[in-house]
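File shown here: run_36.cif, holding mmCIF, N, CA and C atoms.
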data_run
loop_
_atom_site.label_atom_id
_atom_site.label_comp_id
_atom_site.auth_asym_id
_atom_site.auth_seq_id
_atom_site.Cartn_x
_atom_site.Cartn_y
_atom_site.Cartn_z
N MET O 1 6.58 -0.80 -22.20
CA MET O 1 5.55 0.21 -22.07
C MET O 1 5.89 1.17 -20.93
N LEU O 2 6.46 0.63 -19.85
CA LEU O 2 6.83 1.50 -18.73
C LEU O 2 7.86 2.54 -19.18
N ASN O 3 8.87 2.09 -19.92
CA ASN O 3 9.88 3.01 -20.40
C ASN O 3 9.29 4.02 -21.37
N ALA O 4 8.42 3.56 -22.26
CA ALA O 4 7.78 4.47 -23.22
C ALA O 4 6.95 5.53 -22.49
N THR O 5 6.26 5.13 -21.43
CA THR O 5 5.46 6.09 -20.65
C THR O 5 6.36 7.12 -19.99
N TYR O 6 7.45 6.64 -19.40
CA TYR O 6 8.39 7.58 -18.78
C TYR O 6 8.96 8.55 -19.82
N LEU O 7 9.38 8.02 -20.96
CA LEU O 7 9.96 8.88 -21.99
C LEU O 7 8.94 9.89 -22.50
N ARG O 8 7.69 9.47 -22.67
CA ARG O 8 6.63 10.37 -23.13
C ARG O 8 6.39 11.47 -22.10
N TRP O 9 6.30 11.08 -20.83
CA TRP O 9 6.10 12.06 -19.74
C TRP O 9 7.27 13.05 -19.72
N ASN O 10 8.48 12.54 -19.77
CA ASN O 10 9.66 13.39 -19.71
C ASN O 10 9.71 14.37 -20.88
N SER O 11 9.34 13.91 -22.07
CA SER O 11 9.37 14.81 -23.23
C SER O 11 8.26 15.86 -23.16
N ASN O 12 7.20 15.58 -22.41
CA ASN O 12 6.11 16.55 -22.28
C ASN O 12 6.36 17.58 -21.18
N LEU O 13 7.44 17.43 -20.44
CA LEU O 13 7.75 18.41 -19.40
C LEU O 13 7.94 19.81 -19.96
N GLU O 14 8.49 19.89 -21.17
CA GLU O 14 8.74 21.20 -21.79
C GLU O 14 7.46 22.01 -21.92
N ALA O 15 6.34 21.35 -22.12
CA ALA O 15 5.07 22.06 -22.33
C ALA O 15 4.59 22.79 -21.08
N VAL O 16 5.09 22.38 -19.92
CA VAL O 16 4.60 22.97 -18.67
C VAL O 16 5.69 23.55 -17.78
N GLN O 17 6.94 23.37 -18.14
CA GLN O 17 8.03 23.72 -17.22
C GLN O 17 8.11 25.20 -16.86
N ASP O 18 7.57 26.08 -17.69
CA ASP O 18 7.64 27.51 -17.37
C ASP O 18 6.41 28.02 -16.61
N ILE O 19 5.49 27.13 -16.26
CA ILE O 19 4.30 27.53 -15.50
C ILE O 19 4.71 27.74 -14.04
N PRO O 20 4.44 28.91 -13.49
CA PRO O 20 4.86 29.19 -12.11
C PRO O 20 4.29 28.18 -11.11
N GLY O 21 5.18 27.62 -10.30
CA GLY O 21 4.79 26.71 -9.23
C GLY O 21 4.39 25.31 -9.68
N ILE O 22 4.63 24.97 -10.94
CA ILE O 22 4.18 23.66 -11.43
C ILE O 22 4.94 22.52 -10.75
N VAL O 23 4.20 21.54 -10.32
CA VAL O 23 4.74 20.26 -9.89
C VAL O 23 3.99 19.23 -10.74
N TRP O 24 4.71 18.54 -11.59
CA TRP O 24 4.13 17.66 -12.61
C TRP O 24 4.74 16.29 -12.38
N SER O 25 3.96 15.36 -11.87
CA SER O 25 4.52 14.04 -11.56
C SER O 25 3.60 12.95 -12.10
N ILE O 26 4.21 11.80 -12.30
CA ILE O 26 3.45 10.66 -12.81
C ILE O 26 3.76 9.46 -11.92
N SER O 27 2.72 8.70 -11.62
CA SER O 27 2.87 7.47 -10.85
C SER O 27 2.40 6.31 -11.71
N LEU O 28 3.17 5.27 -11.74
CA LEU O 28 2.82 4.07 -12.49
C LEU O 28 2.56 2.97 -11.47
N GLU O 29 1.33 2.48 -11.43
CA GLU O 29 0.93 1.51 -10.42
C GLU O 29 0.54 0.20 -11.09
N PRO O 30 1.26 -0.87 -10.78
CA PRO O 30 0.95 -2.15 -11.42
C PRO O 30 -0.40 -2.69 -10.98
N LEU O 31 -1.07 -3.32 -11.91
CA LEU O 31 -2.34 -3.99 -11.64
C LEU O 31 -2.21 -5.40 -12.21
N PRO O 32 -1.55 -6.29 -11.44
CA PRO O 32 -1.34 -7.64 -11.94
C PRO O 32 -2.63 -8.45 -11.92
N PRO O 33 -2.71 -9.48 -12.76
CA PRO O 33 -3.91 -10.30 -12.81
C PRO O 33 -4.31 -10.88 -11.45
N ALA O 34 -3.35 -11.10 -10.57
CA ALA O 34 -3.68 -11.65 -9.25
C ALA O 34 -4.65 -10.76 -8.50
N ILE O 35 -4.66 -9.48 -8.79
CA ILE O 35 -5.58 -8.56 -8.11
C ILE O 35 -6.98 -8.70 -8.67
N TYR O 36 -7.14 -8.59 -9.99
CA TYR O 36 -8.49 -8.61 -10.53
C TYR O 36 -9.01 -10.03 -10.79
N ALA O 37 -8.17 -11.04 -10.68
CA ALA O 37 -8.62 -12.42 -10.85
C ALA O 37 -9.29 -12.96 -9.58
N ARG O 38 -9.26 -12.20 -8.51
CA ARG O 38 -9.87 -12.65 -7.26
C ARG O 38 -11.39 -12.69 -7.35
N ALA O 39 -11.96 -11.88 -8.20
CA ALA O 39 -13.42 -11.87 -8.35
C ALA O 39 -13.84 -13.09 -9.16
N PRO O 40 -14.99 -13.67 -8.82
CA PRO O 40 -15.50 -14.78 -9.64
C PRO O 40 -15.76 -14.30 -11.07
N PRO O 41 -15.76 -15.21 -12.03
CA PRO O 41 -16.06 -14.80 -13.41
C PRO O 41 -17.37 -14.02 -13.48
N ASP O 42 -17.39 -13.02 -14.33
CA ASP O 42 -18.56 -12.17 -14.56
C ASP O 42 -18.93 -11.29 -13.37
N HIS O 43 -18.05 -11.15 -12.39
CA HIS O 43 -18.31 -10.26 -11.26
C HIS O 43 -17.51 -8.96 -11.36
N ASN O 44 -16.67 -8.86 -12.34
CA ASN O 44 -15.83 -7.68 -12.48
C ASN O 44 -16.49 -6.73 -13.48
N VAL O 45 -17.04 -5.62 -13.01
CA VAL O 45 -17.74 -4.69 -13.90
C VAL O 45 -16.79 -3.72 -14.59
N MET O 46 -15.49 -3.85 -14.34
CA MET O 46 -14.54 -2.90 -14.92
C MET O 46 -14.04 -3.32 -16.29
N GLY O 47 -14.61 -4.37 -16.86
CA GLY O 47 -14.23 -4.77 -18.21
C GLY O 47 -12.94 -5.55 -18.29
N LEU O 48 -12.47 -6.05 -17.17
CA LEU O 48 -11.26 -6.87 -17.17
C LEU O 48 -11.71 -8.32 -17.32
N SER O 49 -11.57 -8.85 -18.52
CA SER O 49 -12.17 -10.13 -18.87
C SER O 49 -11.44 -11.31 -18.24
N SER O 50 -12.13 -12.42 -18.19
CA SER O 50 -11.55 -13.63 -17.59
C SER O 50 -10.34 -14.11 -18.37
N SER O 51 -10.30 -13.90 -19.69
CA SER O 51 -9.13 -14.34 -20.46
C SER O 51 -7.89 -13.54 -20.08
N GLU O 52 -8.10 -12.30 -19.66
CA GLU O 52 -6.96 -11.48 -19.26
C GLU O 52 -6.51 -11.78 -17.85
N ARG O 53 -7.32 -12.45 -17.08
CA ARG O 53 -7.01 -12.71 -15.68
C ARG O 53 -5.68 -13.43 -15.51
N LEU O 54 -5.33 -14.25 -16.45
CA LEU O 54 -4.09 -15.01 -16.32
C LEU O 54 -3.01 -14.52 -17.27
N GLU O 55 -3.32 -13.56 -18.11
CA GLU O 55 -2.40 -13.19 -19.17
C GLU O 55 -1.80 -11.80 -19.05
N ARG O 56 -2.59 -10.80 -18.63
CA ARG O 56 -2.15 -9.42 -18.81
C ARG O 56 -2.02 -8.68 -17.50
N SER O 57 -0.84 -8.14 -17.28
CA SER O 57 -0.67 -7.18 -16.20
C SER O 57 -0.92 -5.80 -16.79
N LEU O 58 -1.64 -5.00 -16.08
CA LEU O 58 -1.91 -3.63 -16.51
C LEU O 58 -1.14 -2.67 -15.62
N VAL O 59 -1.04 -1.44 -16.05
CA VAL O 59 -0.44 -0.39 -15.24
C VAL O 59 -1.39 0.78 -15.23
N VAL O 60 -1.77 1.20 -14.03
CA VAL O 60 -2.62 2.37 -13.87
C VAL O 60 -1.69 3.57 -13.79
N THR O 61 -1.98 4.59 -14.59
CA THR O 61 -1.13 5.77 -14.65
C THR O 61 -1.85 6.96 -14.05
N LEU O 62 -1.22 7.57 -13.06
CA LEU O 62 -1.79 8.74 -12.39
C LEU O 62 -0.89 9.94 -12.66
N LEU O 63 -1.46 10.95 -13.27
CA LEU O 63 -0.75 12.22 -13.47
C LEU O 63 -1.23 13.17 -12.39
N SER O 64 -0.29 13.71 -11.64
CA SER O 64 -0.61 14.70 -10.62
C SER O 64 0.06 16.01 -11.00
N ALA O 65 -0.70 17.07 -10.95
CA ALA O 65 -0.14 18.38 -11.28
C ALA O 65 -0.74 19.43 -10.35
N THR O 66 0.11 20.27 -9.84
CA THR O 66 -0.33 21.44 -9.09
C THR O 66 0.42 22.64 -9.63
N TRP O 67 -0.19 23.83 -9.53
CA TRP O 67 0.42 25.05 -10.02
C TRP O 67 -0.22 26.22 -9.29
N ASP O 68 0.36 27.38 -9.46
CA ASP O 68 -0.03 28.53 -8.65
C ASP O 68 -1.24 29.30 -9.16
N ASP O 69 -1.36 29.47 -10.46
CA ASP O 69 -2.32 30.43 -11.01
C ASP O 69 -3.41 29.72 -11.81
N ALA O 70 -4.67 29.96 -11.44
CA ALA O 70 -5.80 29.35 -12.15
C ALA O 70 -5.83 29.75 -13.62
N ALA O 71 -5.17 30.83 -13.97
CA ALA O 71 -5.11 31.24 -15.37
C ALA O 71 -4.38 30.21 -16.23
N ASP O 72 -3.60 29.32 -15.60
CA ASP O 72 -2.87 28.28 -16.32
C ASP O 72 -3.64 26.96 -16.40
N ASP O 73 -4.84 26.90 -15.86
CA ASP O 73 -5.62 25.65 -15.83
C ASP O 73 -5.76 25.02 -17.21
N ALA O 74 -6.21 25.79 -18.18
CA ALA O 74 -6.46 25.25 -19.52
C ALA O 74 -5.16 24.73 -20.15
N ARG O 75 -4.08 25.42 -19.92
CA ARG O 75 -2.80 25.00 -20.49
C ARG O 75 -2.33 23.68 -19.88
N VAL O 76 -2.48 23.53 -18.57
CA VAL O 76 -2.09 22.29 -17.91
C VAL O 76 -3.00 21.15 -18.35
N GLU O 77 -4.29 21.42 -18.43
CA GLU O 77 -5.22 20.38 -18.87
C GLU O 77 -4.91 19.93 -20.30
N GLU O 78 -4.61 20.87 -21.17
CA GLU O 78 -4.27 20.51 -22.55
C GLU O 78 -2.98 19.70 -22.59
N ALA O 79 -2.00 20.06 -21.78
CA ALA O 79 -0.75 19.29 -21.73
C ALA O 79 -1.02 17.87 -21.23
N ALA O 80 -1.92 17.72 -20.27
CA ALA O 80 -2.27 16.39 -19.77
C ALA O 80 -2.95 15.57 -20.87
N LYS O 81 -3.85 16.20 -21.62
CA LYS O 81 -4.52 15.50 -22.71
C LYS O 81 -3.51 15.03 -23.76
N VAL O 82 -2.58 15.90 -24.11
CA VAL O 82 -1.55 15.55 -25.10
C VAL O 82 -0.71 14.40 -24.57
N LEU O 83 -0.34 14.46 -23.29
CA LEU O 83 0.46 13.39 -22.68
C LEU O 83 -0.28 12.05 -22.75
N PHE O 84 -1.52 12.02 -22.32
CA PHE O 84 -2.25 10.75 -22.31
C PHE O 84 -2.55 10.26 -23.72
N SER O 85 -2.78 11.15 -24.65
CA SER O 85 -2.96 10.75 -26.04
C SER O 85 -1.68 10.08 -26.56
N GLY O 86 -0.54 10.66 -26.22
CA GLY O 86 0.74 10.08 -26.63
C GLY O 86 1.00 8.72 -25.99
N ILE O 87 0.65 8.59 -24.70
CA ILE O 87 0.81 7.30 -24.02
C ILE O 87 -0.07 6.25 -24.69
N GLU O 88 -1.30 6.61 -25.03
CA GLU O 88 -2.18 5.67 -25.72
C GLU O 88 -1.61 5.27 -27.08
N SER O 89 -1.07 6.24 -27.81
CA SER O 89 -0.46 5.93 -29.12
C SER O 89 0.70 4.97 -28.95
N ASP O 90 1.54 5.23 -27.94
CA ASP O 90 2.66 4.33 -27.68
C ASP O 90 2.17 2.93 -27.32
N ALA O 91 1.12 2.85 -26.52
CA ALA O 91 0.58 1.55 -26.12
C ALA O 91 0.08 0.78 -27.34
N HIS O 92 -0.61 1.47 -28.24
CA HIS O 92 -1.06 0.81 -29.48
C HIS O 92 0.14 0.31 -30.28
N ALA O 93 1.15 1.16 -30.43
CA ALA O 93 2.33 0.80 -31.23
C ALA O 93 3.08 -0.39 -30.63
N LEU O 94 3.04 -0.52 -29.31
CA LEU O 94 3.74 -1.61 -28.62
C LEU O 94 2.83 -2.81 -28.35
N ASP O 95 1.64 -2.79 -28.92
CA ASP O 95 0.65 -3.85 -28.70
C ASP O 95 0.42 -4.08 -27.20
N ALA O 96 0.35 -2.98 -26.46
CA ALA O 96 0.15 -3.05 -25.01
C ALA O 96 -1.11 -2.30 -24.58
N TYR O 97 -1.89 -1.83 -25.55
CA TYR O 97 -3.05 -1.00 -25.21
C TYR O 97 -4.16 -1.81 -24.57
N HIS O 98 -4.76 -1.24 -23.56
CA HIS O 98 -6.00 -1.75 -22.96
C HIS O 98 -6.86 -0.53 -22.67
N PRO O 99 -8.14 -0.58 -22.97
CA PRO O 99 -8.98 0.62 -22.83
C PRO O 99 -9.32 1.01 -21.39
N PHE O 100 -9.02 0.16 -20.41
CA PHE O 100 -9.41 0.42 -19.03
C PHE O 100 -8.87 1.76 -18.53
N VAL O 101 -9.76 2.57 -17.96
CA VAL O 101 -9.40 3.84 -17.33
C VAL O 101 -9.86 3.75 -15.88
N TYR O 102 -8.93 3.84 -14.97
CA TYR O 102 -9.24 3.72 -13.54
C TYR O 102 -10.05 4.93 -13.09
N LEU O 103 -11.28 4.69 -12.65
CA LEU O 103 -12.21 5.76 -12.33
C LEU O 103 -11.67 6.74 -11.29
N ASN O 104 -11.00 6.25 -10.26
CA ASN O 104 -10.52 7.13 -9.19
C ASN O 104 -9.43 8.10 -9.66
N TYR O 105 -8.77 7.79 -10.76
CA TYR O 105 -7.71 8.66 -11.27
C TYR O 105 -8.11 9.38 -12.54
N ALA O 106 -9.29 9.14 -13.04
CA ALA O 106 -9.71 9.70 -14.32
C ALA O 106 -9.93 11.21 -14.23
N ALA O 107 -9.55 11.89 -15.28
CA ALA O 107 -9.83 13.32 -15.40
C ALA O 107 -11.26 13.49 -15.92
N GLN O 108 -11.80 14.68 -15.79
CA GLN O 108 -13.17 14.93 -16.24
C GLN O 108 -13.35 14.64 -17.73
N TRP O 109 -12.30 14.79 -18.50
CA TRP O 109 -12.39 14.58 -19.95
C TRP O 109 -12.18 13.12 -20.35
N GLN O 110 -11.97 12.24 -19.39
CA GLN O 110 -11.84 10.81 -19.68
C GLN O 110 -13.15 10.12 -19.32
N ASP O 111 -13.52 9.11 -20.07
CA ASP O 111 -14.76 8.39 -19.82
C ASP O 111 -14.43 7.00 -19.28
N SER O 112 -14.20 6.95 -17.98
CA SER O 112 -13.79 5.68 -17.37
C SER O 112 -14.86 4.62 -17.50
N ILE O 113 -16.11 4.99 -17.32
CA ILE O 113 -17.18 4.00 -17.38
C ILE O 113 -17.28 3.39 -18.78
N ALA O 114 -17.11 4.18 -19.81
CA ALA O 114 -17.13 3.64 -21.18
C ALA O 114 -16.01 2.61 -21.39
N SER O 115 -14.91 2.76 -20.66
CA SER O 115 -13.79 1.84 -20.81
C SER O 115 -14.10 0.44 -20.28
N TYR O 116 -15.19 0.30 -19.55
CA TYR O 116 -15.57 -1.01 -18.99
C TYR O 116 -16.17 -1.93 -20.05
N GLY O 117 -16.62 -1.36 -21.16
CA GLY O 117 -17.20 -2.16 -22.23
C GLY O 117 -18.72 -2.23 -22.15
N PRO O 118 -19.37 -2.52 -23.29
CA PRO O 118 -20.84 -2.47 -23.36
C PRO O 118 -21.55 -3.44 -22.42
N GLU O 119 -21.02 -4.64 -22.23
CA GLU O 119 -21.69 -5.60 -21.33
C GLU O 119 -21.68 -5.09 -19.89
N SER O 120 -20.56 -4.58 -19.45
CA SER O 120 -20.47 -4.06 -18.08
C SER O 120 -21.34 -2.83 -17.90
N ILE O 121 -21.38 -1.98 -18.91
CA ILE O 121 -22.20 -0.77 -18.81
C ILE O 121 -23.68 -1.15 -18.70
N GLU O 122 -24.10 -2.11 -19.50
CA GLU O 122 -25.50 -2.54 -19.42
C GLU O 122 -25.82 -3.14 -18.06
N ARG O 123 -24.89 -3.90 -17.53
CA ARG O 123 -25.08 -4.46 -16.19
C ARG O 123 -25.20 -3.35 -15.15
N LEU O 124 -24.34 -2.35 -15.24
CA LEU O 124 -24.41 -1.22 -14.31
C LEU O 124 -25.73 -0.46 -14.45
N ARG O 125 -26.21 -0.31 -15.67
CA ARG O 125 -27.50 0.35 -15.89
C ARG O 125 -28.64 -0.44 -15.23
N ARG O 126 -28.60 -1.74 -15.42
CA ARG O 126 -29.64 -2.59 -14.84
C ARG O 126 -29.62 -2.49 -13.31
N ILE O 127 -28.45 -2.57 -12.73
CA ILE O 127 -28.32 -2.47 -11.27
C ILE O 127 -28.78 -1.09 -10.80
N SER O 128 -28.40 -0.06 -11.53
CA SER O 128 -28.82 1.30 -11.18
C SER O 128 -30.34 1.42 -11.18
N ARG O 129 -30.98 0.86 -12.20
CA ARG O 129 -32.46 0.91 -12.26
C ARG O 129 -33.09 0.15 -11.10
N GLU O 130 -32.45 -0.95 -10.69
CA GLU O 130 -32.99 -1.76 -9.60
C GLU O 130 -32.84 -1.08 -8.25
N VAL O 131 -31.66 -0.54 -7.96
CA VAL O 131 -31.40 -0.01 -6.62
C VAL O 131 -31.68 1.48 -6.50
N ASP O 132 -31.79 2.18 -7.62
CA ASP O 132 -32.03 3.63 -7.60
C ASP O 132 -33.03 3.99 -8.70
N PRO O 133 -34.26 3.44 -8.61
CA PRO O 133 -35.23 3.63 -9.69
C PRO O 133 -35.61 5.08 -9.96
N THR O 134 -35.47 5.95 -8.98
CA THR O 134 -35.81 7.36 -9.20
C THR O 134 -34.61 8.18 -9.65
N GLY O 135 -33.44 7.57 -9.76
CA GLY O 135 -32.27 8.26 -10.29
C GLY O 135 -31.64 9.27 -9.37
N VAL O 136 -31.79 9.09 -8.06
CA VAL O 136 -31.22 10.05 -7.11
C VAL O 136 -29.72 10.20 -7.32
N PHE O 137 -29.01 9.09 -7.41
CA PHE O 137 -27.56 9.17 -7.52
C PHE O 137 -27.10 9.61 -8.90
N GLN O 138 -27.90 9.38 -9.91
CA GLN O 138 -27.54 9.79 -11.26
C GLN O 138 -27.88 11.25 -11.54
N ASN O 139 -28.91 11.76 -10.87
CA ASN O 139 -29.40 13.10 -11.21
C ASN O 139 -29.26 14.14 -10.11
N MET O 140 -29.28 13.72 -8.87
CA MET O 140 -29.32 14.70 -7.79
C MET O 140 -28.00 14.84 -7.04
N VAL O 141 -27.09 13.92 -7.25
CA VAL O 141 -25.79 13.98 -6.59
C VAL O 141 -24.82 14.64 -7.56
N PRO O 142 -24.24 15.78 -7.17
CA PRO O 142 -23.35 16.49 -8.09
C PRO O 142 -21.99 15.80 -8.23
N GLY O 143 -21.37 16.06 -9.37
CA GLY O 143 -20.00 15.61 -9.60
C GLY O 143 -19.90 14.13 -9.91
N GLY O 144 -18.68 13.71 -10.12
CA GLY O 144 -18.41 12.31 -10.37
C GLY O 144 -18.83 11.84 -11.76
N PHE O 145 -18.58 10.59 -12.01
CA PHE O 145 -18.95 9.97 -13.28
C PHE O 145 -20.30 9.29 -13.12
N LYS O 146 -21.15 9.44 -14.08
CA LYS O 146 -22.51 8.90 -14.01
C LYS O 146 -22.69 7.81 -15.06
N ILE O 147 -23.61 6.90 -14.76
CA ILE O 147 -23.97 5.84 -15.69
C ILE O 147 -25.10 6.38 -16.55
N GLN O 148 -24.83 6.60 -17.81
CA GLN O 148 -25.86 7.13 -18.72
C GLN O 148 -26.94 6.09 -18.94
N GLN O 149 -28.18 6.49 -18.74
CA GLN O 149 -29.31 5.55 -18.88
C GLN O 149 -29.77 5.44 -20.30
#
Here is a file; write its structure as structure tokens.
Amino acid sequence: MLNATYLRWNSNLEAVQDIPGIVWSISLEPLPPAIYARAPPDHNVMGLSSSERLERSLVVTLLSATWDDAADDARVEEAAKVLFSGIESDAHALDAYHPFVYLNYAAQWQDSIASYGPESIERLRRISREVDPTGVFQNMVPGGFKIQQ
């Protein structure tokens, strides 16, 4: 999967290489079970199940891009979407797909919270209702990903 991700990224360079000032890089960060297995069972709200704790290493993928002209924003965003769609297709083909999307690296068009799964989302909703019953953080704080009630 690591090689497939690199090859997919490299083949997508053509889509952005003529954009003035583009710096297009990808970081692959391992997330071995030893990291997420530290939490007691049912304490991980990110959808990383206990069965995976001993079986699956994941890789968090961060795409970083900078460029000179805001007029190229839509083109770069579309290239990023195509890249990640291709990486997901490769992951499915290699039986390596996992829906987890790391919230800190997620783009606005990715739904990281949905990737946690329905049980985790319901738990987050319940906690949100308990600690923020008036919805200050869901409604009055701009930006970021929100837990849909």
* **Residues matched by the PyMOL selection byres ((chain O and resi 30-44) around 5), written as a VMD selection string** => chain O and resid 28 to 29 45 to 47 53 56 to 60
* To do: Check the DSSP output for the backbone and give back, as number ranges by chain, the residues of chain O in strand (DSSP E).
  => O: 23-31, 58-66
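Interatomic distance, atom CA of Leu83 of chain O to atom CA of Leu7 of chain O: 10.5 Å.
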* One decimal, Å: what's the distance from atom C of Asn104 of chain O over to atom C of Phe145 of chain O, could you say? => 11.5 Å
* To do: Give the alpha helix (DSSP H) residues of segment 89-126 of chain O, as DSSP finds them on the backbone, and put them as JSON, numbers by chain.
  => {"O": [89, 90, 91, 92, 93, 118, 119, 120, 121, 122, 123, 124, 125, 126]}
Take the residues from that selection and put them in a file with N, CA and C atoms, as a compact mmCIF listing (two decimals), keeping the file's coordinate frame.
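Once everything was written out, this is selection.txt:
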# COMPACT_ATOMS: atom_id res chain seq x y z
N SER O 89 -1.07 6.24 -27.81
CA SER O 89 -0.46 5.93 -29.12
C SER O 89 0.70 4.97 -28.95
N ASP O 90 1.54 5.23 -27.94
CA ASP O 90 2.66 4.33 -27.68
C ASP O 90 2.17 2.93 -27.32
N ALA O 91 1.12 2.85 -26.52
CA ALA O 91 0.58 1.55 -26.12
C ALA O 91 0.08 0.78 -27.34
N HIS O 92 -0.61 1.47 -28.24
CA HIS O 92 -1.06 0.81 -29.48
C HIS O 92 0.14 0.31 -30.28
N ALA O 93 1.15 1.16 -30.43
CA ALA O 93 2.33 0.80 -31.23
C ALA O 93 3.08 -0.39 -30.63
N PRO O 118 -19.37 -2.52 -23.29
CA PRO O 118 -20.84 -2.47 -23.36
C PRO O 118 -21.55 -3.44 -22.42
N GLU O 119 -21.02 -4.64 -22.23
CA GLU O 119 -21.69 -5.60 -21.33
C GLU O 119 -21.68 -5.09 -19.89
N SER O 120 -20.56 -4.58 -19.45
CA SER O 120 -20.47 -4.06 -18.08
C SER O 120 -21.34 -2.83 -17.90
N ILE O 121 -21.38 -1.98 -18.91
CA ILE O 121 -22.20 -0.77 -18.81
C ILE O 121 -23.68 -1.15 -18.70
N GLU O 122 -24.10 -2.11 -19.50
CA GLU O 122 -25.50 -2.54 -19.42
C GLU O 122 -25.82 -3.14 -18.06
N ARG O 123 -24.89 -3.90 -17.53
CA ARG O 123 -25.08 -4.46 -16.19
C ARG O 123 -25.20 -3.35 -15.15
N LEU O 124 -24.34 -2.35 -15.24
CA LEU O 124 -24.41 -1.22 -14.31
C LEU O 124 -25.73 -0.46 -14.45
N ARG O 125 -26.21 -0.31 -15.67
CA ARG O 125 -27.50 0.35 -15.89
C ARG O 125 -28.64 -0.44 -15.23
N ARG O 126 -28.60 -1.74 -15.42
CA ARG O 126 -29.64 -2.59 -14.84
C ARG O 126 -29.62 -2.49 -13.31
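With atom CA of Trp24 of chain O on one side and atom N of Ile113 of chain O on the other, the separation reads 24.3 Å.
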Residues within 9 Å of Val101 of chain O, only C-alpha atoms, excluding chain neighbours under 3 positions, as a CSV table (one decimal) with N, CA and C atoms, keeping the file's coordinate frame:
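See selection-v3.csv below for the written result:
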chain,number,residue,atom,x,y,z
O,46,MET,N,-15.5,-3.8,-14.3
O,46,MET,CA,-14.5,-2.9,-14.9
O,46,MET,C,-14.0,-3.3,-16.3
O,60,VAL,N,-1.8,1.2,-14.0
O,60,VAL,CA,-2.6,2.4,-13.9
O,60,VAL,C,-1.7,3.6,-13.8
O,61,THR,N,-2.0,4.6,-14.6
O,61,THR,CA,-1.1,5.8,-14.6
O,61,THR,C,-1.8,7.0,-14.0
O,98,HIS,N,-4.8,-1.2,-23.6
O,98,HIS,CA,-6.0,-1.8,-23.0
O,98,HIS,C,-6.9,-0.5,-22.7
O,104,ASN,N,-11.0,6.2,-10.3
O,104,ASN,CA,-10.5,7.1,-9.2
O,104,ASN,C,-9.4,8.1,-9.7
O,105,TYR,N,-8.8,7.8,-10.8
O,105,TYR,CA,-7.7,8.7,-11.3
O,105,TYR,C,-8.1,9.4,-12.5
O,106,ALA,N,-9.3,9.1,-13.0
O,106,ALA,CA,-9.7,9.7,-14.3
O,106,ALA,C,-9.9,11.2,-14.2
O,110,GLN,N,-12.0,12.2,-19.4
O,110,GLN,CA,-11.8,10.8,-19.7
O,110,GLN,C,-13.2,10.1,-19.3
O,111,ASP,N,-13.5,9.1,-20.1
O,111,ASP,CA,-14.8,8.4,-19.8
O,111,ASP,C,-14.4,7.0,-19.3
O,112,SER,N,-14.2,7.0,-18.0
O,112,SER,CA,-13.8,5.7,-17.4
O,112,SER,C,-14.9,4.6,-17.5
O,113,ILE,N,-16.1,5.0,-17.3
O,113,ILE,CA,-17.2,4.0,-17.4
O,113,ILE,C,-17.3,3.4,-18.8
O,114,ALA,N,-17.1,4.2,-19.8
O,114,ALA,CA,-17.1,3.6,-21.2
O,114,ALA,C,-16.0,2.6,-21.4
O,115,SER,N,-14.9,2.8,-20.7
O,115,SER,CA,-13.8,1.8,-20.8
O,115,SER,C,-14.1,0.4,-20.3
O,116,TYR,N,-15.2,0.3,-19.6
O,116,TYR,CA,-15.6,-1.0,-19.0
O,116,TYR,C,-16.2,-1.9,-20.0
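Using only N, CA and C atoms for every distance, the candidate list O:Leu13, O:Ala65, O:Ala70, O:Leu94 yields O:Leu94 as the residue closest to Met1 of chain O.
Counting all atoms listed in the file, the residue from O:Ile121, O:Ala79, O:Val136, O:Ala93 that sits nearest to Ala15 of chain O is O:Ala79.
When the PyMOL selection byres (((chain O and resi 148 and name CA) around 12) and name CA) is run on the displayed coordinates, the residues it returns are Asp111, Ile113, Ala114, Pro118, Ile121, Glu122, Arg123, Leu124, Arg125, Arg126, Ser128, Arg129, Gly135, Phe137, Gln138, Asn139, Phe145, Lys146, Ile147 and Gln149 of chain O.
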* Ground truth for the PyMOL selection byres (((chain O and resi 9 and name CA) around 9) and name CA), written as an MDAnalysis selection string -> chainID O and resid 4:8 10:13 25:26 83:84 86:87
